[in-house]
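Asks: Please find entry_13.tsv (TSV, C-alpha atoms and all ligand atoms) on the next line:
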chain	number	residue	atom	x	y	z
A	1	MET	CA	0.00	0.00	0.00
A	2	LEU	CA	1.55	3.30	-1.14
A	3	ILE	CA	0.42	6.38	0.81
A	4	LEU	CA	1.17	10.05	0.24
A	5	GLY	CA	1.21	11.93	3.58
A	6	VAL	CA	0.40	15.65	3.80
A	7	GLU	CA	1.09	17.72	6.93
A	8	SER	CA	0.01	21.38	7.00
A	9	SER	CA	-1.32	22.02	10.53
A	10	CYS	CA	1.03	24.86	11.45
A	11	ASP	CA	4.17	26.35	9.90
A	12	GLU	CA	5.65	23.37	8.09
A	13	THR	CA	4.47	21.89	4.80
A	14	GLY	CA	5.50	18.23	4.98
A	15	LEU	CA	4.98	15.64	2.25
A	16	ALA	CA	6.07	11.99	2.30
A	17	LEU	CA	5.61	8.68	0.55
A	18	TYR	CA	5.26	5.59	2.73
A	19	ASP	CA	4.98	2.07	1.41
A	20	SER	CA	3.64	-0.54	3.84
A	21	ASP	CA	6.11	-3.12	2.47
A	22	ALA	CA	9.18	-1.04	1.65
A	23	GLY	CA	8.85	1.60	4.43
A	24	LEU	CA	9.47	5.33	4.10
A	25	LEU	CA	10.42	6.02	0.46
A	26	ALA	CA	10.80	9.81	0.52
A	27	HIS	CA	9.97	12.88	2.55
A	28	ALA	CA	10.32	16.59	1.92
A	29	LEU	CA	9.60	19.62	4.03
A	30	HIS	CA	9.31	23.35	3.70
A	31	SER	CA	9.62	25.25	6.97
A	32	GLN	CA	8.05	28.72	7.16
A	33	VAL	CA	10.23	29.73	10.11
A	34	ALA	CA	12.08	32.45	8.18
A	35	MET	CA	8.79	33.96	6.97
A	36	HIS	CA	7.22	34.16	10.45
A	37	GLN	CA	10.41	35.18	12.23
A	38	GLU	CA	9.97	38.93	11.80
A	39	TYR	CA	6.55	38.69	13.51
A	40	GLY	CA	7.92	36.67	16.45
A	41	GLY	CA	5.41	33.84	15.91
A	42	VAL	CA	3.20	32.11	13.35
A	43	VAL	CA	0.82	34.40	11.42
A	44	PRO	CA	-2.05	32.05	10.47
A	45	GLU	CA	-3.08	33.73	7.20
A	46	LEU	CA	0.50	33.84	5.94
A	47	ALA	CA	0.89	30.19	6.92
A	48	SER	CA	-2.17	29.14	4.85
A	49	ARG	CA	-1.01	31.04	1.79
A	50	ASP	CA	2.45	29.55	1.97
A	51	HIS	CA	1.07	26.00	2.29
A	52	ILE	CA	-0.85	26.65	-0.96
A	53	ARG	CA	2.39	27.66	-2.69
A	54	ARG	CA	4.40	24.69	-1.43
A	55	VAL	CA	2.16	21.66	-1.35
A	56	ILE	CA	2.12	20.71	-5.06
A	57	PRO	CA	5.87	21.22	-5.70
A	58	LEU	CA	6.66	19.17	-2.57
A	59	ALA	CA	4.30	16.39	-3.69
A	60	ARG	CA	6.10	16.30	-7.06
A	61	GLU	CA	9.44	16.25	-5.22
A	62	VAL	CA	8.66	13.18	-3.11
A	63	LEU	CA	7.26	11.29	-6.11
A	64	ALA	CA	10.42	12.11	-8.07
A	65	GLN	CA	12.68	11.15	-5.13
A	66	ALA	CA	10.95	7.77	-4.87
A	67	GLY	CA	10.71	7.30	-8.66
A	68	ARG	CA	6.94	6.70	-8.44
A	69	GLU	CA	4.04	7.99	-10.52
A	70	LEU	CA	0.92	9.62	-9.09
A	71	ASN	CA	-1.27	6.76	-10.28
A	72	ALA	CA	0.68	4.32	-8.09
A	73	LEU	CA	-0.88	5.91	-4.95
A	74	ASP	CA	-3.35	3.79	-2.97
A	75	ALA	CA	-4.37	6.62	-0.63
A	76	VAL	CA	-3.62	10.19	0.40
A	77	ALA	CA	-3.36	10.91	4.14
A	78	PHE	CA	-3.65	14.41	5.56
A	79	THR	CA	-3.60	16.09	8.97
A	80	GLU	CA	-7.25	16.67	9.87
A	81	GLY	CA	-6.45	18.40	13.16
A	82	PRO	CA	-5.67	19.85	15.61
A	83	GLY	CA	-4.00	22.96	14.23
A	84	LEU	CA	-4.67	26.26	12.46
A	85	ALA	CA	-8.01	26.05	10.61
A	86	GLY	CA	-6.86	27.72	7.38
A	87	ALA	CA	-3.59	25.80	7.28
A	88	LEU	CA	-5.39	22.48	7.85
A	89	LEU	CA	-7.88	23.31	5.07
A	90	VAL	CA	-5.08	23.65	2.52
A	91	GLY	CA	-3.77	20.13	3.21
A	92	ALA	CA	-7.28	18.67	3.42
A	93	ALA	CA	-8.46	20.28	0.17
A	94	PHE	CA	-5.29	19.21	-1.66
A	95	ALA	CA	-5.46	15.64	-0.36
A	96	LYS	CA	-9.18	15.24	-1.07
A	97	SER	CA	-8.95	16.68	-4.59
A	98	LEU	CA	-5.94	14.58	-5.53
A	99	ALA	CA	-7.57	11.46	-4.09
A	100	PHE	CA	-10.80	12.23	-5.98
A	101	ALA	CA	-8.89	12.64	-9.25
A	102	LEU	CA	-7.13	9.31	-8.69
A	103	GLY	CA	-10.22	7.48	-7.42
A	104	VAL	CA	-8.50	6.53	-4.14
A	105	PRO	CA	-9.45	7.32	-0.53
A	106	ALA	CA	-8.15	10.35	1.38
A	107	VAL	CA	-7.84	9.70	5.11
A	108	GLY	CA	-7.72	12.32	7.87
A	109	ILE	CA	-5.13	11.77	10.61
A	110	HIS	CA	-4.81	13.27	14.09
A	111	HIS	CA	-1.59	15.31	14.21
A	112	LEU	CA	-0.66	14.01	17.67
A	113	GLU	CA	-1.28	10.42	16.62
A	114	GLY	CA	1.30	11.07	13.89
A	115	HIS	CA	3.81	12.32	16.48
A	116	LEU	CA	3.02	9.54	18.89
A	117	LEU	CA	3.50	6.72	16.39
A	118	SER	CA	6.59	8.27	14.75
A	119	PRO	CA	9.10	6.41	17.02
A	120	LEU	CA	7.77	3.20	15.43
A	121	LEU	CA	9.41	4.40	12.20
A	122	SER	CA	12.85	4.38	13.82
A	123	LYS	CA	15.49	1.65	13.65
A	124	ARG	CA	14.65	0.54	17.18
A	125	PRO	CA	10.83	0.66	17.34
A	126	PRO	CA	9.06	0.20	20.71
A	127	ALA	CA	6.48	-2.55	21.25
A	128	PHE	CA	3.00	-1.77	22.62
A	129	PRO	CA	1.93	-0.97	25.31
A	130	PHE	CA	3.84	2.16	26.31
A	131	VAL	CA	3.53	5.53	27.98
A	132	ALA	CA	3.85	8.42	25.51
A	133	LEU	CA	5.03	11.89	26.40
A	134	LEU	CA	3.79	14.33	23.75
A	135	VAL	CA	5.64	17.60	24.06
A	136	SER	CA	5.08	20.12	21.29
A	137	GLY	CA	4.33	23.79	20.81
A	138	GLY	CA	0.65	23.29	21.55
A	139	HIS	CA	0.52	20.17	23.74
A	140	THR	CA	2.06	18.58	26.81
A	141	GLN	CA	0.36	15.27	27.50
A	142	LEU	CA	1.05	11.87	28.96
A	143	MET	CA	-0.89	9.05	27.32
A	144	ARG	CA	-1.24	5.31	27.89
A	145	VAL	CA	-0.94	3.70	24.45
A	146	THR	CA	-2.10	0.09	24.23
A	147	GLY	CA	-2.25	-0.13	20.42
A	148	VAL	CA	-2.91	1.88	17.27
A	149	GLY	CA	-6.02	4.00	17.95
A	150	ASN	CA	-5.97	3.15	21.65
A	151	TYR	CA	-4.92	6.25	23.55
A	152	GLU	CA	-5.85	7.11	27.11
A	153	LEU	CA	-5.02	10.55	28.47
A	154	LEU	CA	-3.17	10.25	31.81
A	155	GLY	CA	-2.44	13.94	32.39
A	156	GLU	CA	-1.78	17.19	30.55
A	157	THR	CA	-0.85	20.80	30.99
A	158	GLN	CA	-3.34	23.04	32.72
A	159	ASP	CA	-2.11	26.11	30.82
A	160	ASP	CA	0.92	26.59	28.54
A	161	ALA	CA	2.57	23.74	26.66
A	162	ALA	CA	6.26	23.00	27.27
A	163	GLY	CA	7.16	24.16	23.74
A	164	GLU	CA	5.20	27.36	24.30
A	165	ALA	CA	7.22	27.98	27.47
A	166	PHE	CA	10.42	27.56	25.43
A	167	ASP	CA	9.10	29.96	22.77
A	168	LYS	CA	8.07	32.59	25.36
A	169	THR	CA	11.34	32.29	27.28
A	170	ALA	CA	13.20	32.81	24.01
A	171	LYS	CA	11.28	36.03	23.40
A	172	LEU	CA	12.08	37.28	26.91
A	173	LEU	CA	15.76	36.61	26.28
A	174	GLY	CA	15.66	38.34	22.89
A	175	LEU	CA	16.06	35.12	20.88
A	176	ASP	CA	14.42	34.37	17.56
A	177	TYR	CA	11.29	32.30	16.99
A	178	PRO	CA	11.03	29.31	17.25
A	179	GLY	CA	12.46	29.45	20.70
A	180	GLY	CA	13.07	25.80	21.54
A	181	PRO	CA	16.27	25.24	19.59
A	182	ALA	CA	17.55	28.77	20.43
A	183	VAL	CA	16.98	28.47	24.20
A	184	SER	CA	18.42	24.99	24.23
A	185	LYS	CA	21.58	26.12	22.40
A	186	LEU	CA	22.02	29.08	24.77
A	187	ALA	CA	21.39	26.88	27.83
A	188	GLU	CA	24.27	24.63	26.83
A	189	SER	CA	26.70	27.46	27.53
A	190	GLY	CA	24.88	28.45	30.76
A	191	ARG	CA	26.10	27.59	34.25
A	192	PRO	CA	23.78	25.28	36.20
A	193	GLY	CA	22.85	26.43	39.70
A	194	ARG	CA	23.44	30.18	39.43
A	195	PHE	CA	19.67	30.73	39.36
A	196	LYS	CA	16.97	28.45	40.70
A	197	LEU	CA	13.52	28.54	39.13
A	198	PRO	CA	10.37	26.76	40.39
A	199	ARG	CA	9.46	23.23	39.25
A	200	PRO	CA	5.69	23.73	38.82
A	201	MET	CA	3.48	20.86	40.04
A	202	ILE	CA	6.44	18.51	40.48
A	203	GLY	CA	5.03	17.37	43.83
A	204	SER	CA	1.34	17.48	42.86
A	205	ASN	CA	0.94	13.70	43.10
A	206	ASP	CA	-0.77	13.51	39.71
A	207	LEU	CA	0.28	13.64	36.06
A	208	GLU	CA	-0.79	17.22	35.35
A	209	PHE	CA	1.59	19.99	34.28
A	210	SER	CA	1.68	23.79	34.42
A	211	PHE	CA	4.21	26.01	32.68
A	212	SER	CA	2.70	29.50	32.71
A	213	GLY	CA	4.04	30.34	36.19
A	214	LEU	CA	7.51	29.31	35.12
A	215	LYS	CA	7.33	31.76	32.23
A	216	THR	CA	6.44	34.54	34.69
A	217	ALA	CA	9.30	33.49	36.97
A	218	VAL	CA	11.69	33.73	34.00
A	219	MET	CA	10.34	37.20	33.21
A	220	LEU	CA	10.83	38.44	36.79
A	221	LEU	CA	14.31	36.93	36.97
A	222	ALA	CA	15.35	38.43	33.61
A	223	ARG	CA	14.12	41.87	34.72
A	224	SER	CA	16.04	41.71	37.99
A	225	GLN	CA	19.36	40.79	36.35
A	226	PRO	CA	21.80	42.55	34.03
A	227	GLY	CA	21.13	41.77	30.36
A	228	ASP	CA	24.61	40.47	29.51
A	229	ALA	CA	25.07	37.35	27.40
A	230	ALA	CA	26.45	35.20	30.24
A	231	THR	CA	23.47	36.02	32.49
A	232	HIS	CA	21.03	35.20	29.68
A	233	ALA	CA	22.75	31.87	29.17
A	234	ASP	CA	22.50	31.13	32.92
A	235	ILE	CA	18.78	32.02	32.89
A	236	ALA	CA	18.21	29.78	29.84
A	237	ARG	CA	19.98	27.00	31.72
A	238	ALA	CA	17.89	27.52	34.86
A	239	PHE	CA	14.71	27.46	32.75
A	240	GLN	CA	15.69	24.32	30.87
A	241	ASP	CA	16.75	22.58	34.12
A	242	ALA	CA	13.30	23.32	35.58
A	243	VAL	CA	11.36	22.06	32.53
A	244	VAL	CA	13.49	18.94	32.21
A	245	ASP	CA	13.18	18.11	35.94
A	246	VAL	CA	9.38	18.34	35.77
A	247	LEU	CA	9.05	16.34	32.54
A	248	VAL	CA	11.41	13.61	33.78
A	249	ALA	CA	9.66	13.35	37.19
A	250	LYS	CA	6.18	13.11	35.63
A	251	CYS	CA	7.29	10.52	33.06
A	252	MET	CA	8.82	8.32	35.75
A	253	SER	CA	5.66	8.69	37.82
A	254	ALA	CA	3.47	7.76	34.80
A	255	LEU	CA	5.54	4.61	34.23
A	256	GLN	CA	5.25	3.62	37.88
A	257	ARG	CA	1.52	4.31	38.08
A	258	THR	CA	0.69	2.37	34.92
A	259	SER	CA	3.22	-0.42	35.60
A	260	LEU	CA	4.41	-0.01	32.01
A	261	GLU	CA	8.08	-0.36	31.13
A	262	ARG	CA	8.47	1.64	27.94
A	263	LEU	CA	8.34	5.40	27.38
A	264	VAL	CA	7.96	7.00	23.97
A	265	VAL	CA	8.80	10.69	23.57
A	266	ALA	CA	7.34	12.62	20.65
A	267	GLY	CA	6.81	16.22	19.48
A	268	GLY	CA	9.21	19.10	18.88
A	269	VAL	CA	10.47	19.44	22.47
A	270	GLY	CA	11.48	15.77	22.27
A	271	ALA	CA	14.42	16.98	20.16
A	272	ASN	CA	15.87	18.69	23.25
A	273	ARG	CA	19.22	17.12	24.11
A	274	GLN	CA	19.09	17.82	27.85
A	275	LEU	CA	15.59	16.33	28.06
A	276	ARG	CA	16.80	13.20	26.27
A	277	ALA	CA	19.82	12.88	28.56
A	278	GLY	CA	17.64	13.39	31.67
A	279	LEU	CA	15.06	10.82	30.56
A	280	ASP	CA	17.71	8.29	29.53
A	281	ALA	CA	19.51	8.59	32.89
A	282	ALA	CA	16.34	8.36	35.02
A	283	ALA	CA	14.98	5.46	32.95
A	284	ALA	CA	18.25	3.54	33.20
A	285	ARG	CA	18.26	4.02	37.00
A	286	GLN	CA	14.70	2.74	37.30
A	287	GLY	CA	14.84	-0.03	34.70
A	288	PHE	CA	12.65	1.56	32.00
A	289	GLU	CA	13.34	1.88	28.26
A	290	VAL	CA	12.97	5.16	26.35
A	291	PHE	CA	12.27	5.50	22.61
A	292	TYR	CA	12.49	8.57	20.38
A	293	PRO	CA	11.69	9.28	16.75
A	294	GLU	CA	14.65	9.95	14.44
A	295	LEU	CA	15.69	13.58	15.07
A	296	GLU	CA	14.42	14.81	11.69
A	297	LEU	CA	10.99	13.29	12.45
A	298	CYS	CA	10.67	14.93	15.90
A	299	THR	CA	9.14	18.13	14.58
A	300	ASP	CA	6.24	18.31	12.12
A	301	ASN	CA	6.58	16.23	8.95
A	302	GLY	CA	4.54	14.33	6.36
A	303	ALA	CA	6.15	10.96	7.08
A	304	MET	CA	4.41	10.57	10.43
A	305	ILE	CA	1.03	11.28	8.77
A	306	ALA	CA	1.49	8.74	5.96
A	307	PHE	CA	2.83	6.21	8.49
A	308	ALA	CA	-0.06	6.68	10.95
A	309	ALA	CA	-2.49	6.16	8.05
A	310	ALA	CA	-0.71	2.96	7.01
A	311	LEU	CA	-0.96	1.56	10.56
A	312	ARG	CA	-4.53	2.67	11.03
A	313	TRP	CA	-5.72	1.17	7.74
A	314	LYS	CA	-3.61	-1.97	7.78
A	315	GLY	CA	-6.67	-4.15	7.38
A	316	GLY	CA	-7.89	-2.27	4.27
A	317	LEU	CA	-8.60	1.27	3.22
A	318	PRO	CA	-12.01	2.97	3.54
A	319	LYS	CA	-14.06	3.75	0.43
A	320	PRO	CA	-13.28	7.03	-1.37
A	321	ASP	CA	-15.46	9.86	-0.12
A	322	THR	CA	-15.43	13.43	-1.38
A	323	THR	CA	-16.70	15.25	1.74
A	324	PHE	CA	-14.16	16.63	4.17
A	325	SER	CA	-13.76	18.63	7.32
A	326	VAL	CA	-10.91	19.77	9.53
A	327	ARG	CA	-10.83	19.86	13.33
A	328	PRO	CA	-8.75	22.75	14.68
A	329	ARG	CA	-9.46	21.39	18.19
A	330	TRP	CA	-9.52	17.63	18.59
A	331	GLU	CA	-8.74	15.47	21.61
A	332	LEU	CA	-6.49	12.53	20.79
A	333	SER	CA	-8.29	10.12	23.11
A	334	LEU	CA	-11.41	10.70	20.96
A	335	ALA	CA	-9.57	9.84	17.74
A	336	GLY	CA	-9.63	6.07	18.37
A	401	LIG	O1	5.87	19.23	17.22
A	401	LIG	P1	6.23	20.57	16.76
A	401	LIG	O2	7.15	20.72	15.57
A	401	LIG	O3	4.97	21.42	16.38
A	401	LIG	C1	3.80	21.37	17.11
A	401	LIG	O4	3.02	20.41	16.85
A	401	LIG	O5	3.66	22.24	17.99
A	401	LIG	O6	6.85	21.34	18.03
A	401	LIG	C2	7.27	22.66	17.95
A	401	LIG	C3	7.73	23.08	19.33
A	401	LIG	C4	8.10	24.57	19.39
A	401	LIG	O7	7.52	25.13	20.55
A	401	LIG	C5	9.63	24.54	19.48
A	401	LIG	O8	10.14	25.66	20.17
A	401	LIG	C6	9.87	23.26	20.25
A	401	LIG	O9	8.91	22.35	19.72
A	401	LIG	N1	11.22	22.72	20.03
A	401	LIG	C7	12.13	22.55	21.02
A	401	LIG	C8	13.31	22.07	20.40
A	401	LIG	N2	13.07	21.94	19.06
A	401	LIG	C9	11.78	22.34	18.86
A	401	LIG	N3	12.05	22.78	22.34
A	401	LIG	C10	13.14	22.53	23.08
A	401	LIG	N4	14.31	22.08	22.57
A	401	LIG	C11	14.44	21.83	21.25
A	401	LIG	N5	15.61	21.38	20.77
A	402	ZN	ZN	3.53	18.82	15.86
Could you quickly redo this structure as C-alpha cells?
Ligand code: KG4
Ligand code: ZN
Replies:
Amino acid sequence: MLILGVESSCDETGLALYDSDAGLLAHALHSQVAMHQEYGGVVPELASRDHIRRVIPLAREVLAQAGRELNALDAVAFTEGPGLAGALLVGAAFAKSLAFALGVPAVGIHHLEGHLLSPLLSKRPPAFPFVALLVSGGHTQLMRVTGVGNYELLGETQDDAAGEAFDKTAKLLGLDYPGGPAVSKLAESGRPGRFKLPRPMIGSNDLEFSFSGLKTAVMLLARSQPGDAATHADIARAFQDAVVDVLVAKCMSALQRTSLERLVVAGGVGANRQLRAGLDAAAARQGFEVFYPELELCTDNGAMIAFAAALRWKGGLPKPDTTFSVRPRWELSLAG
C-alpha cells in the first residue's frame, strides 16, 4: 500500500511517501520559520497562503525522489487536526482533490497520533503498550498507548505547553522564533545552579503539568538581572533545568503508576538534548526503556502522517469519499 502523507497544521508543509512493504520512500519539508520570524510567531493567514504555494511542488518532489508515478498511490493521508483552521484546510483540500482525481481514498489523521507513532518508524521501534510523552508547541500530554487507535489521556498541561514555554522564554531573552532550539543552544553554555527557578506541580501527586508560572518566573528573573550574554545563558539553563526536571519526574511517575516499562517521547520538544539525557539517565536508574523518533521526524513532517495512516488502515482502506472537514481542536483520546 503506497500512501502520500500531507502535513500542514502549522508552519511546516510536509509531504512523504510511505509504502507498507518497503517503508518510508521519501519525505520533503518546507519550513516557514524564516517567513514568520519577523513577527515573532506564526501568522495564520501567511501560513495558509504559503502551504498553498508549497504543497504541489513538494508532492512532485517526493514522487520524483521515490521514482513513483501519481497513479501508483493507494491513498492520500492528511492532517485533519488539531491545528490552524486555514492551514489544515489547505492540506485537506489538496489531499481530497488529488484522491478524488485518482479514485483513491483520502484519510484524515490526528496530528498528535502522527507524532506519537513516529518512534515506530525508527530503527529501534518500541512494542505496545507504552507511555507516551507528547511535548510540542501546543501540547504537553502523557498518554497510555495500548495499540494503534488506543490512547488514554493520563495527564496534561493546565495552561501553557512545554514548547510554548520555550518559545516565550526565548522572546524574553531576545532570541528568535522558534524558541526551543535557540533556548536549548544558549542553555548549553549556561552555568547550572546560578539561578533556581520553580518546578511547577512537580510534587502534585498527579500527572498534570503547568508552565505559565515558570514563564512569569523567568520574566521576573530576567528583569532583575543585568542583560549580559552570560546572564542570559544562565537564565536559559535555569529554565531548561526546571522544565526537564518536571518532565522527567512526571514521566517516571506515569511509568510507575501504569506499571508499564516503555516510554515514547514525541513532538518538537522531544528533540531537546538535555531532556533526552535526563530521561535516559532516570529510565536507566529505574529499569525503563525510552524510545524517540529519528531527530528529523521529531518536529512536524509528512512521514508521520502517511505512516499513521498505514498503521490505522492496515486491514484495508475505507471507500473514497469526497466530503471533508478539519478539526482545529480535537482530543487525541477521541480519535480512536
Ligand atoms: O511538534 P512541533 O514541531 O509542532 C507542534 O506540533 O507544535 O513542536 C514545535 C515546538 C516549538 O515550541 C519549538 O520551540 C519546540 O517544539 N522545540 C524545542 C526544540 N526543538 C523544537 N524545544 C526545546 N528544545 C528543542 N531542541
Ligand atoms: Zn507537531
Asks: Kindly provide, as a PyMOL selection string, all nucleotide and amino acid residues lying within 6 Å of ligand LIG 401 (chain A), counting all atoms listed in the file.
Replies: chain A and resi 136-138+163-164+166-167+178-181+184+267-269+271-272+299-300
Asks: Between CA of Gly81 in chain A and CA of Glu7 in chain A, what is the distance, to one decimal in Å?
Replies: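 Separation between CA of Gly81 in chain A and CA of Glu7 in chain A: 9.8 Å.
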Asks: At a cut-off of 10 Å, can you tabulate as a tab-separated table every residue of chain A near ligand ZN 402 (chain A) together with its closest atom pair and the distance in Å to one decimal, using only C-alpha atoms and all ligand atoms and ordering rows by chain then number?
Replies:
residue	atom	partner	partner_atom	distance
A:Glu7	CA	A:ZN402	ZN	9.3
A:Ser8	CA	A:ZN402	ZN	9.9
A:Ser9	CA	A:ZN402	ZN	7.9
A:Cys10	CA	A:ZN402	ZN	7.9
A:Asp11	CA	A:ZN402	ZN	9.6
A:Glu12	CA	A:ZN402	ZN	9.3
A:Pro82	CA	A:ZN402	ZN	9.3
A:Gly83	CA	A:ZN402	ZN	8.7
A:His111	CA	A:ZN402	ZN	6.4
A:Leu112	CA	A:ZN402	ZN	6.6
A:Glu113	CA	A:ZN402	ZN	9.7
A:Gly114	CA	A:ZN402	ZN	8.3
A:His115	CA	A:ZN402	ZN	6.5
A:Leu116	CA	A:ZN402	ZN	9.8
A:Leu134	CA	A:ZN402	ZN	9.1
A:Val135	CA	A:ZN402	ZN	8.6
A:Ser136	CA	A:ZN402	ZN	5.8
A:Gly137	CA	A:ZN402	ZN	7.1
A:Gly138	CA	A:ZN402	ZN	7.8
A:His139	CA	A:ZN402	ZN	8.5
A:Ala266	CA	A:ZN402	ZN	8.7
A:Gly267	CA	A:ZN402	ZN	5.5
A:Gly268	CA	A:ZN402	ZN	6.4
A:Val269	CA	A:ZN402	ZN	9.6
A:Leu297	CA	A:ZN402	ZN	9.9
A:Cys298	CA	A:ZN402	ZN	8.1
A:Thr299	CA	A:ZN402	ZN	5.8
A:Asp300	CA	A:ZN402	ZN	4.6
A:Asn301	CA	A:ZN402	ZN	8.0
A:Met304	CA	A:ZN402	ZN	9.9
Asks: Using all atoms listed in the file, which protein or nucleic acid residues come within 8 Å of Ala28 in chain A? Drop anything in the same chain fewer than 2 positions from it, and give the result as number ranges by chain.
Replies: A: 14-16, 26, 30, 58, 61-62, 301-302
Asks: What's around Val43 in chain A at 12 Å? Count all atoms listed in the file, leave out sequence neighbours fewer than 2 positions away in its own chain, and write the answer as JSON, numbers by chain.
Replies: {"A": [10, 11, 32, 33, 34, 35, 36, 37, 38, 39, 40, 41, 45, 46, 47, 48, 49, 50, 84, 86, 87]}
Asks: With only C-alpha atoms as the basis for distance, which of A:Phe78, A:Gln240, A:Glu261, A:Val55 is at the shortest distance from His110 in chain A?
Replies: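 Nearest candidate to His110 in chain A out of A:Phe78, A:Gln240, A:Glu261, A:Val55: A:Phe78.
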Asks: Could you pull out every residue with an atom within 12 Å of (16.7, 2.9, 14.5), file coordinates, counting only C-alpha atoms, and send them as an mmCIF file with C-alpha atoms, in the frame of the given file?
Replies:
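File written: out_17.cif
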data_model
loop_
_atom_site.group_PDB
_atom_site.id
_atom_site.type_symbol
_atom_site.label_atom_id
_atom_site.label_comp_id
_atom_site.auth_asym_id
_atom_site.auth_seq_id
_atom_site.Cartn_x
_atom_site.Cartn_y
_atom_site.Cartn_z
ATOM 1 C CA SER A 118 6.590 8.270 14.750
ATOM 2 C CA PRO A 119 9.100 6.410 17.020
ATOM 3 C CA LEU A 120 7.770 3.200 15.430
ATOM 4 C CA LEU A 121 9.410 4.400 12.200
ATOM 5 C CA SER A 122 12.850 4.380 13.820
ATOM 6 C CA LYS A 123 15.490 1.650 13.650
ATOM 7 C CA ARG A 124 14.650 0.540 17.180
ATOM 8 C CA PRO A 125 10.830 0.660 17.340
ATOM 9 C CA PRO A 126 9.060 0.200 20.710
ATOM 10 C CA PHE A 291 12.270 5.500 22.610
ATOM 11 C CA TYR A 292 12.490 8.570 20.380
ATOM 12 C CA PRO A 293 11.690 9.280 16.750
ATOM 13 C CA GLU A 294 14.650 9.950 14.440
ATOM 14 C CA LEU A 295 15.690 13.580 15.070
#
Asks: From the list A:Ala72, A:Leu186, A:Val246, A:Ala64, which residue is nearest Ala229 in chain A when using only C-alpha atoms?
Replies: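 Under the stated criterion, the closest residue is A:Leu186.
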Asks: So, counting all atoms listed in the file, which residue among A:Lys215, A:Arg68, A:Lys185, A:Arg53 is closest to Leu4 in chain A?
Replies: A:Arg68
Asks: When you look at Val264 in chain A with a cut-off of 7 Å (counting only C-alpha atoms), what residues show up, excluding the ones that are within fewer than 3 positions of it in the same chain? I need them as a PyMOL selection string.
Replies: chain A and resi 130-133+290-292
Asks: My structure is short of atoms at range 59-70 of chain A; please model N, CA, C and O atoms there, returning them as a tab-separated table (two decimals), keeping the file's coordinate frame.
Replies:
chain	number	residue	atom	x	y	z
A	59	ALA	N	4.86	17.70	-3.30
A	59	ALA	CA	4.30	16.39	-3.69
A	59	ALA	C	5.07	15.85	-4.89
A	59	ALA	O	5.44	14.66	-4.93
A	60	ARG	N	5.33	16.73	-5.87
A	60	ARG	CA	6.10	16.30	-7.06
A	60	ARG	C	7.49	15.84	-6.63
A	60	ARG	O	8.01	14.85	-7.14
A	61	GLU	N	8.07	16.58	-5.66
A	61	GLU	CA	9.44	16.25	-5.22
A	61	GLU	C	9.51	14.85	-4.60
A	61	GLU	O	10.42	14.09	-4.91
A	62	VAL	N	8.56	14.51	-3.74
A	62	VAL	CA	8.66	13.18	-3.11
A	62	VAL	C	8.41	12.06	-4.12
A	62	VAL	O	9.04	11.00	-4.06
A	63	LEU	N	7.50	12.30	-5.08
A	63	LEU	CA	7.26	11.29	-6.11
A	63	LEU	C	8.53	11.08	-6.94
A	63	LEU	O	8.92	9.95	-7.24
A	64	ALA	N	9.19	12.21	-7.28
A	64	ALA	CA	10.42	12.11	-8.07
A	64	ALA	C	11.52	11.40	-7.28
A	64	ALA	O	12.20	10.51	-7.79
A	65	GLN	N	11.66	11.79	-5.99
A	65	GLN	CA	12.68	11.15	-5.13
A	65	GLN	C	12.50	9.64	-5.09
A	65	GLN	O	13.46	8.88	-5.11
A	66	ALA	N	11.23	9.21	-5.01
A	66	ALA	CA	10.95	7.77	-4.87
A	66	ALA	C	10.85	7.09	-6.23
A	66	ALA	O	10.74	5.87	-6.29
A	67	GLY	N	10.85	7.87	-7.32
A	67	GLY	CA	10.71	7.30	-8.66
A	67	GLY	C	9.35	6.66	-8.87
A	67	GLY	O	9.24	5.62	-9.52
A	68	ARG	N	8.29	7.25	-8.29
A	68	ARG	CA	6.94	6.70	-8.44
A	68	ARG	C	6.04	7.68	-9.20
A	68	ARG	O	6.28	8.88	-9.16
A	69	GLU	N	5.01	7.16	-9.81
A	69	GLU	CA	4.04	7.99	-10.52
A	69	GLU	C	2.84	8.22	-9.61
A	69	GLU	O	2.55	7.40	-8.73
A	70	LEU	N	2.12	9.31	-9.89
A	70	LEU	CA	0.92	9.62	-9.09
A	70	LEU	C	-0.07	8.45	-9.06
A	70	LEU	O	-0.66	8.16	-8.03
